[in-house]
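**Student:** First, the structure itself, so that you have it in front of you.
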Amino acid sequence: MLSLEQNIDTNALGERMYGLAKRLYPICRSITGNGLRETLRILQGEIPLQLHEVPTGTQVFDWVVPREWNIRDAYIKNSRGEKIVNFHEHNLHVLNYSTPVRARMRLGDLRPHLFSLPEKPEWIPYRTSYFNENWGFCVSHQQLESMTDDEYEVVIDSSLESGALTYGELTIPGQSEEQILLFAHCCHPSLANDNLSGIATVLELARLLSSASPKYTYRCVFAPGTIGCITWLSQNRAELHKVKSGLVAAVLGDPGQMTYKKTVFGDSLIDRASLHVLEGKDAQFGTLEFSPYGYDERQFASPGINLPVGRLTRTPNGAYPEYHTSADNLDLITPAALGDSMATYLSILALIENNLVYQTKLPYCEPQLGRRGLYKTIGGYGNPKEGELAMLWILNQSDGRRDLLAIAERAKLPFHVIAQAAVELSSAGIIEEA
Amino acid sequence: MLSLEQNIDTNALGERMYGLAKRLYPICRSITGNGLRETLRILQGEIPLQLHEVPTGTQVFDWVVPREWNIRDAYIKNSRGEKIVNFHEHNLHVLNYSTPVRARMRLGDLRPHLFSLPEKPEWIPYRTSYFNENWGFCVSHQQLESMTDDEYEVVIDSSLESGALTYGELTIPGQSEEQILLFAHCCHPSLANDNLSGIATVLELARLLSSASPKYTYRCVFAPGTIGCITWLSQNRAELHKVKSGLVAAVLGDPGQMTYKKTVFGDSLIDRASLHVLEGKDAQFGTLEFSPYGYDERQFASPGINLPVGRLTRTPNGAYPEYHTSADNLDLITPAALGDSMATYLSILALIENNLVYQTKLPYCEPQLGRRGLYKTIGGYGNPKEGELAMLWILNQSDGRRDLLAIAERAKLPFHVIAQAAVELSSAGIIEEA
Amino acid sequence: MLSLEQNIDTNALGERMYGLAKRLYPICRSITGNGLRETLRILQGEIPLQLHEVPTGTQVFDWVVPREWNIRDAYIKNSRGEKIVNFHEHNLHVLNYSTPVRARMRLGDLRPHLFSLPEKPEWIPYRTSYFNENWGFCVSHQQLESMTDDEYEVVIDSSLESGALTYGELTIPGQSEEQILLFAHCCHPSLANDNLSGIATVLELARLLSSASPKYTYRCVFAPGTIGCITWLSQNRAELHKVKSGLVAAVLGDPGQMTYKKTVFGDSLIDRASLHVLEGKDAQFGTLEFSPYGYDERQFASPGINLPVGRLTRTPNGAYPEYHTSADNLDLITPAALGDSMATYLSILALIENNLVYQTKLPYCEPQLGRRGLYKTIGGYGNPKEGELAMLWILNQSDGRRDLLAIAERAKLPFHVIAQAAVELSSAGIIEEA
């Protein structure tokens, strides 16, 4: 039995994950460009990640890989020459994918290019315009309100040129060709919970799985959201039939409760495994039905792709106030929350790894467990121990079709208790793998 | 998209429906005879209704069309020659289908032929004896109690003779041979809610559908309850396989909440459509499981007929105190309630008309909606608009088998939002009818 | 219609059942031996039970019939020669299946062979060691605590020798070869609720069924728990496919509410019948999902046997404090509770006996019931009588596949009302058995 979860100090892992987030936080990422590339190269320093560069103009299903965006500087100066908005102070200040601008204009002309959050006047919003040529600045509402009808110098020193979209992938071979997919988006600039927490989670999972000789083959993908996921799917189409289950990892560092969003199927293995693990944890959690909005679970759920990929986050996107603002920073995420998220992912993967299907070799009535040292010898006591009950359930239900998770669900026993009992029955030669 | 419900002033329709009810109220209808015939001819003045006369003695499944009943006068006179019960004052006073009588008798002999409602002493009950030869008078309990042991002159000037059972039907051809059935019973004398409200509803629906070029063929049937419905089914047996859905319309003028009674199948299209519309209205409503008692939904549900015909009423038969009494009169029903019932029927029919099945032409990942002007161009905001979300759901679910209603149900969005989004996606060439 | 439940005085039956329990209570039963044999012979005096002796050493699936155990005496004497524990005072005092012992020893050596219940210091526990050679005494915790570090004379005058396992069976032939199984374990010494109440129930059922000309064949089995049930199944394997339904009867004399434990299928006929009867009784009851622990329902549920055998008890095993102690005595059970249990079993068997499948001969619309005297002749009244409604449901649902129980469930009417209406419709020639 592969034991991913035991003997692992998830608190220490949480600290290491936080450290990675801190290192990646200052980089200005986007769906293409050097910030994205630098991020993936840092990950490459940790695990043997393979980087893929997909050229601008490549058709990926209904989309086309866009020109590569890079940015060096951006600011707004008032008539006194003071930089009142400065990209180097916070890289959310620029509308992501802004075209280059170098102009002087009055506030009236500049105003449509300024984005703020009136309801959170101190925070800078995160806004993008990937596929519609535009430029702009994101500012705190306080900044916006303090701007007078002055003449402003507006500079965005960016470029949109033929280049590539970069993504990284590590395939960890297992005994089986069946694949488990772990996907993190990595296109968000200076956003800690939405982006860096997911990257750190998949990175540490990849590191642990690499040394665990897993049963399944794991594909750990770090790619830009939407266009990057679509690009990966387009480039790996011939392999997709091997994907058995998957999880989209994101928003895993905030102190809120964990939230599982179901696959479009609703009751696939990854749904059952994730919910079983969450129900077994001593903590509240949320469940969301599938909807075709959110992170890239929606690409996997499209009718032509049709893969059972769930999503496991803490507080979901859009449900915490700091979402897509400058307040989604290193203060929002904690090592403890990252470690707890990691522990949950490990339990789910351990469950899937150990979710075998057995067939009893002694189907007629109960086998005599006591004779084999598997059951108490003094009779008359009220109830069997949990492990004994687990054996009785396995013997009753192992018809060569039901997996151990189905037995755990019906028995209302933790999966690890059922799995341990199955190991003992198998060692005693009473059941065998189907 | 057929829009039955828009640009229609259902308040004005409610007034017109009330006017029709007022005109039909005084007529003494029964399951055969001239009152029934006169009623149908008045409807013929409004819509091109076809009248059918089915002769007495015709076998209709397990039943036989009975002799035609007509009545000219009926009264009870006391020994002083005073008419204490007079058919011309209220046509509920006679037991419907009474055989002719002309006799003098003491109260003791008359008493078994008098019907009253002790719990509602001012109201005259509605009673019938269609298939068992009998005669009688229905009186208020106050009247009954005031009768002394006098000798009474009892006259019922009725006839039961070979004739016909009359029903009316209007078929409105659609683009499809598949039929939607709308059925109203029209055999009740001077009962406003139970009878006239349903007749008025089907009449106005027929008028609107006639000018709407509907997709489906509509059959609007006005027939006596039970025997009339059985007669219609018997005479149309070869056509019944074309019936896709149907509704029995009755009790639609009282101010109570609407109530949908499910078909015997429980989850057929008409069940899903009716409940979706009722759930989307800003008003409470009731749901009844199918039972083989009530109006003629029970004939459609019989094992040999087996058609998905639901029933949509306001307060159901038997659940309002005025039911089957003289208090079910023109004061019980209101133009506003009639108009609201009408609006609900129109929404249900509009849903069925527009409930198409699409197949996405771009099944691999999300299509790029922004490029086609179908999605916001600035990214980063929390949630998409309702119409955008509807598009994402349609793209995710349109596999050529699911209808738009199923998508609306899963998306928990109003059908009209889904239908409108489907029109836009179809116009953009992204989806096509399956 | 077989009417098992009518004209039976279940109170009087309860008294007779209590009398049997009283007669059997003093006998020291075990899974083999003379106590068991004597018990079955007493039953043979009441019904023509067939006794089977299965020799020691017989292989029964994964088990082997053990040596036969008999006991004559057992005691512990202190150094003053006082018998401080005496088998002849209570036969629970000896660990059931104890090997013979004759020794003197200090308390320290005796202590591991003493069993008590600290939480119930006045009660003697019931403990066994059938398949692991051991010896011991069960004592009240008070007794145990009063024992000093003395030298004790320890005697168990028992034997474990080649012999047989005894079980009893009565087959009551029915019109059909399909079998209903009634199973009671009979291996417990001096335990009234757990053992004797179940024996008395199956005995009285057997007596009533023998004179009832039932539709199904009944197999009434009295056998030791676990090994006896496994032996019976092993010896009757070729016949098991005839078993349509079954009930394990035990713990039926305490004053608690009745409890039905579902078969491993969860919705088989015996599940539906039992729950319908319990829901129709004017008393609270409990429902347990299947689990592979409890009484011998778990043998019937094993994957190779796979029979729909439920379990009907009052307060379940392990859920009442007196369970498996000397307090499960003749004071715990009452004639009233035994009679009520009996009445419930009879209702369930009557339901199964009368649960026919009909097909309507008049499937097109409602048949005209009034003409046949089966429906009221005056129309207009609110609601039909229960019996009339039952007829409408049967006519609507009798498609030659649904049984009467399914119709009762959907109609939410008591089974006996549906069954009576079916008899009337059948007599009128409107429906026929499918």
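We label chains A, B, ... in the order they appear in the structure tokens, count residues from 1 in each chain, and number ligands from 1 in the order shown.
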Please list as a list in words every residue within 6 Å of stretch 89-93 of chain B, counting only C-alpha atoms and excluding residues in the same chain fewer than 4 positions away.
**Tutor:** Cys28, Tyr126, Phe137, Cys138 and Val139 of chain B
**Student:** Mind listing as a PyMOL selection string which residues of chain B are within 10 Å of chain C, counting only C-alpha atoms?
**Tutor:** chain B and resi 60-64+95-96+125-134+226-227+229-231+233-234+237+264+289-294+296+298-306+317-319+323-325
**Student:** As JSON, numbers by chain, which residues of stretch 205-338 of chain B does DSSP assign to helix (DSSP H, G or I)?
**Tutor:** {"B": [205, 206, 207, 208, 209, 210, 227, 228, 229, 230, 231, 232, 233, 234, 235, 237, 238, 239, 240, 241, 242, 269, 270, 271, 272, 273, 274, 275, 276, 277, 278, 279, 280, 297, 298, 299, 300, 335, 336, 337, 338]}
**Student:** Find the distance between atom CA of C:Leu160 and atom CA of C:Tyr97 and write it in Å to one decimal.
**Tutor:**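 We find that atom CA of C:Leu160 and atom CA of C:Tyr97 lie 8.0 Å from each other.
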**Student:** Which is closer to A:Ala200 than all the others in A:Phe183, A:Tyr75, A:Tyr218, A:Phe115, using only C-alpha atoms?
**Tutor:**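 The closest residue to A:Ala200 is A:Phe183.
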**Student:** Among stretch 118-255 of chain A, which residues carry a DSSP assignment of strand (DSSP E or B), reported as a ChimeraX atom specification?
**Tutor:** /A:125,128,137-138,151-161,164-172,179-185,217-223,243-249
**Student:** Generate the output file for the selected residues, N, CA and C atoms, as a tab-separated table (two decimals), in the first residue's frame.
**Tutor:**
```tsv
chain	number	residue	atom	x	y	z
A	125	PRO	N	-7.00	46.84	-8.16
A	125	PRO	CA	-7.59	45.65	-8.78
A	125	PRO	C	-6.64	45.02	-9.80
A	128	THR	N	-7.24	42.52	-16.88
A	128	THR	CA	-6.51	42.06	-18.06
A	128	THR	C	-7.27	42.42	-19.33
A	137	PHE	N	-4.39	51.43	-16.71
A	137	PHE	CA	-3.74	51.35	-15.40
A	137	PHE	C	-4.77	50.96	-14.36
A	138	CYS	N	-4.35	50.12	-13.42
A	138	CYS	CA	-5.21	49.76	-12.30
A	138	CYS	C	-4.68	50.50	-11.09
A	151	GLU	N	-2.87	67.75	-16.82
A	151	GLU	CA	-2.36	67.06	-18.00
A	151	GLU	C	-1.34	66.02	-17.53
A	152	TYR	N	-1.49	64.78	-18.03
A	152	TYR	CA	-0.68	63.67	-17.52
A	152	TYR	C	0.21	63.11	-18.62
A	153	GLU	N	1.38	62.69	-18.19
A	153	GLU	CA	2.25	61.94	-19.10
A	153	GLU	C	2.01	60.46	-18.83
A	154	VAL	N	1.66	59.76	-19.89
A	154	VAL	CA	1.25	58.36	-19.73
A	154	VAL	C	2.22	57.50	-20.53
A	155	VAL	N	2.91	56.58	-19.84
A	155	VAL	CA	3.89	55.73	-20.52
A	155	VAL	C	3.65	54.26	-20.16
A	156	ILE	N	3.48	53.44	-21.16
A	156	ILE	CA	3.55	51.99	-20.96
A	156	ILE	C	4.60	51.47	-21.94
A	157	ASP	N	5.71	51.02	-21.38
A	157	ASP	CA	6.82	50.54	-22.21
A	157	ASP	C	6.71	49.02	-22.32
A	158	SER	N	5.74	48.60	-23.15
A	158	SER	CA	5.51	47.16	-23.31
A	158	SER	C	5.71	46.79	-24.76
A	159	SER	N	5.73	45.48	-25.01
A	159	SER	CA	5.80	45.04	-26.40
A	159	SER	C	4.89	43.85	-26.60
A	160	LEU	N	4.30	43.76	-27.76
A	160	LEU	CA	3.48	42.61	-28.16
A	160	LEU	C	4.07	42.11	-29.46
A	161	GLU	N	4.83	41.04	-29.40
A	161	GLU	CA	5.56	40.60	-30.58
A	161	GLU	C	5.46	39.09	-30.75
A	164	ALA	N	6.21	33.25	-28.04
A	164	ALA	CA	5.67	31.94	-27.69
A	164	ALA	C	4.87	32.02	-26.40
A	165	LEU	N	4.05	31.01	-26.22
A	165	LEU	CA	3.39	30.78	-24.93
A	165	LEU	C	4.15	29.63	-24.27
A	166	THR	N	4.53	29.83	-23.01
A	166	THR	CA	5.36	28.85	-22.31
A	166	THR	C	4.52	28.08	-21.29
A	167	TYR	N	4.71	26.76	-21.26
A	167	TYR	CA	4.14	26.02	-20.12
A	167	TYR	C	5.13	24.95	-19.69
A	168	GLY	N	4.97	24.48	-18.47
A	168	GLY	CA	5.88	23.48	-17.94
A	168	GLY	C	5.12	22.21	-17.57
A	169	GLU	N	5.78	21.09	-17.72
A	169	GLU	CA	5.12	19.83	-17.38
A	169	GLU	C	6.14	18.83	-16.88
A	170	LEU	N	5.73	18.07	-15.87
A	170	LEU	CA	6.54	16.94	-15.42
A	170	LEU	C	5.66	15.70	-15.42
A	171	THR	N	6.09	14.68	-16.15
A	171	THR	CA	5.37	13.41	-16.13
A	171	THR	C	6.13	12.45	-15.23
A	172	ILE	N	5.43	11.91	-14.23
A	172	ILE	CA	6.04	10.96	-13.30
A	172	ILE	C	5.48	9.59	-13.65
A	179	GLN	N	-3.47	7.87	-16.25
A	179	GLN	CA	-2.86	9.09	-15.75
A	179	GLN	C	-3.76	9.84	-14.77
A	180	ILE	N	-3.09	10.47	-13.79
A	180	ILE	CA	-3.74	11.43	-12.91
A	180	ILE	C	-3.16	12.79	-13.25
A	181	LEU	N	-4.03	13.75	-13.46
A	181	LEU	CA	-3.60	15.07	-13.89
A	181	LEU	C	-3.68	16.06	-12.74
A	182	LEU	N	-2.60	16.81	-12.54
A	182	LEU	CA	-2.60	17.88	-11.54
A	182	LEU	C	-2.27	19.17	-12.26
A	183	PHE	N	-3.16	20.13	-12.20
A	183	PHE	CA	-3.04	21.33	-13.03
A	183	PHE	C	-3.04	22.59	-12.17
A	184	ALA	N	-2.03	23.45	-12.38
A	184	ALA	CA	-2.00	24.76	-11.71
A	184	ALA	C	-1.80	25.84	-12.76
A	185	HIS	N	-2.59	26.90	-12.65
A	185	HIS	CA	-2.36	28.03	-13.56
A	185	HIS	C	-1.25	28.91	-12.97
A	217	THR	N	0.41	6.98	-13.45
A	217	THR	CA	1.29	7.99	-14.03
A	217	THR	C	0.70	9.36	-13.71
A	218	TYR	N	1.55	10.26	-13.26
A	218	TYR	CA	1.07	11.59	-12.89
A	218	TYR	C	1.59	12.61	-13.89
A	219	ARG	N	0.70	13.50	-14.29
A	219	ARG	CA	1.11	14.61	-15.15
A	219	ARG	C	0.85	15.90	-14.40
A	220	CYS	N	1.95	16.59	-14.07
A	220	CYS	CA	1.87	17.83	-13.32
A	220	CYS	C	2.10	18.97	-14.30
A	221	VAL	N	1.06	19.79	-14.48
A	221	VAL	CA	1.11	20.82	-15.52
A	221	VAL	C	1.00	22.20	-14.88
A	222	PHE	N	1.93	23.09	-15.27
A	222	PHE	CA	1.90	24.49	-14.86
A	222	PHE	C	1.73	25.30	-16.14
A	223	ALA	N	0.59	25.93	-16.33
A	223	ALA	CA	0.33	26.62	-17.60
A	223	ALA	C	-0.52	27.85	-17.34
A	243	VAL	N	-6.20	9.80	-19.28
A	243	VAL	CA	-6.44	10.52	-18.02
A	243	VAL	C	-7.62	9.89	-17.30
A	244	LYS	N	-7.36	9.39	-16.10
A	244	LYS	CA	-8.36	8.71	-15.30
A	244	LYS	C	-9.07	9.68	-14.39
A	245	SER	N	-8.33	10.64	-13.87
A	245	SER	CA	-8.85	11.60	-12.90
A	245	SER	C	-7.92	12.80	-12.91
A	246	GLY	N	-8.41	13.90	-12.38
A	246	GLY	CA	-7.53	15.06	-12.26
A	246	GLY	C	-8.07	16.06	-11.28
A	247	LEU	N	-7.17	16.96	-10.88
A	247	LEU	CA	-7.56	18.05	-9.98
A	247	LEU	C	-6.93	19.34	-10.48
A	248	VAL	N	-7.71	20.39	-10.46
A	248	VAL	CA	-7.20	21.74	-10.68
A	248	VAL	C	-6.88	22.31	-9.30
A	249	ALA	N	-5.62	22.72	-9.12
A	249	ALA	CA	-5.16	23.20	-7.81
A	249	ALA	C	-5.01	24.72	-7.86
```
**Student:** In Å, how far is it from atom CA of A:Pro214 to atom CA of A:Lys262?
**Tutor:**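 About the pair atom CA of A:Pro214 and atom CA of A:Lys262: they are 24.4 Å apart.
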**Student:** Tell me which protein, DNA and RNA residues are within 10 Å of C:Arg16, counting only C-alpha atoms, leaving out same-chain ones fewer than 5 positions away, and put them as a CSV table (one decimal) with N, CA and C atoms, in the first residue's frame.
**Tutor:**
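Saved to selection26.csv:
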```csv
chain,number,residue,atom,x,y,z
C,10,THR,N,-53.6,-12.8,19.2
C,10,THR,CA,-52.1,-12.7,19.4
C,10,THR,C,-51.8,-12.5,20.9
C,11,ASN,N,-52.7,-12.0,21.7
C,11,ASN,CA,-52.4,-11.9,23.1
C,11,ASN,C,-52.3,-13.3,23.7
C,21,ALA,N,-40.9,-20.2,26.5
C,21,ALA,CA,-39.7,-19.6,26.9
C,21,ALA,C,-39.3,-20.0,28.3
C,22,LYS,N,-40.3,-20.1,29.2
C,22,LYS,CA,-40.1,-20.4,30.6
C,22,LYS,C,-39.6,-21.9,30.7
C,200,ALA,N,-39.6,-19.1,20.0
C,200,ALA,CA,-41.1,-19.2,20.2
C,200,ALA,C,-41.8,-18.6,19.0
C,204,GLU,N,-44.5,-20.8,16.7
C,204,GLU,CA,-45.9,-20.5,16.5
C,204,GLU,C,-46.2,-20.1,15.1
C,335,PRO,N,-45.4,-11.4,27.7
C,335,PRO,CA,-46.3,-12.0,26.7
C,335,PRO,C,-46.9,-11.0,25.7
C,338,LEU,N,-44.3,-10.4,23.1
C,338,LEU,CA,-44.2,-11.5,22.2
C,338,LEU,C,-45.4,-11.6,21.3
C,339,GLY,N,-46.6,-11.3,21.8
C,339,GLY,CA,-47.8,-11.3,21.0
C,339,GLY,C,-47.7,-10.2,19.9
```
**Student:** For a test of reading the model, state the distance in Å between atom CA of C:Leu275 and atom CA of C:Ile348, rounded to one decimal.
**Tutor:**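 Atom CA of C:Ile348 lies 8.9 Å from atom CA of C:Leu275.
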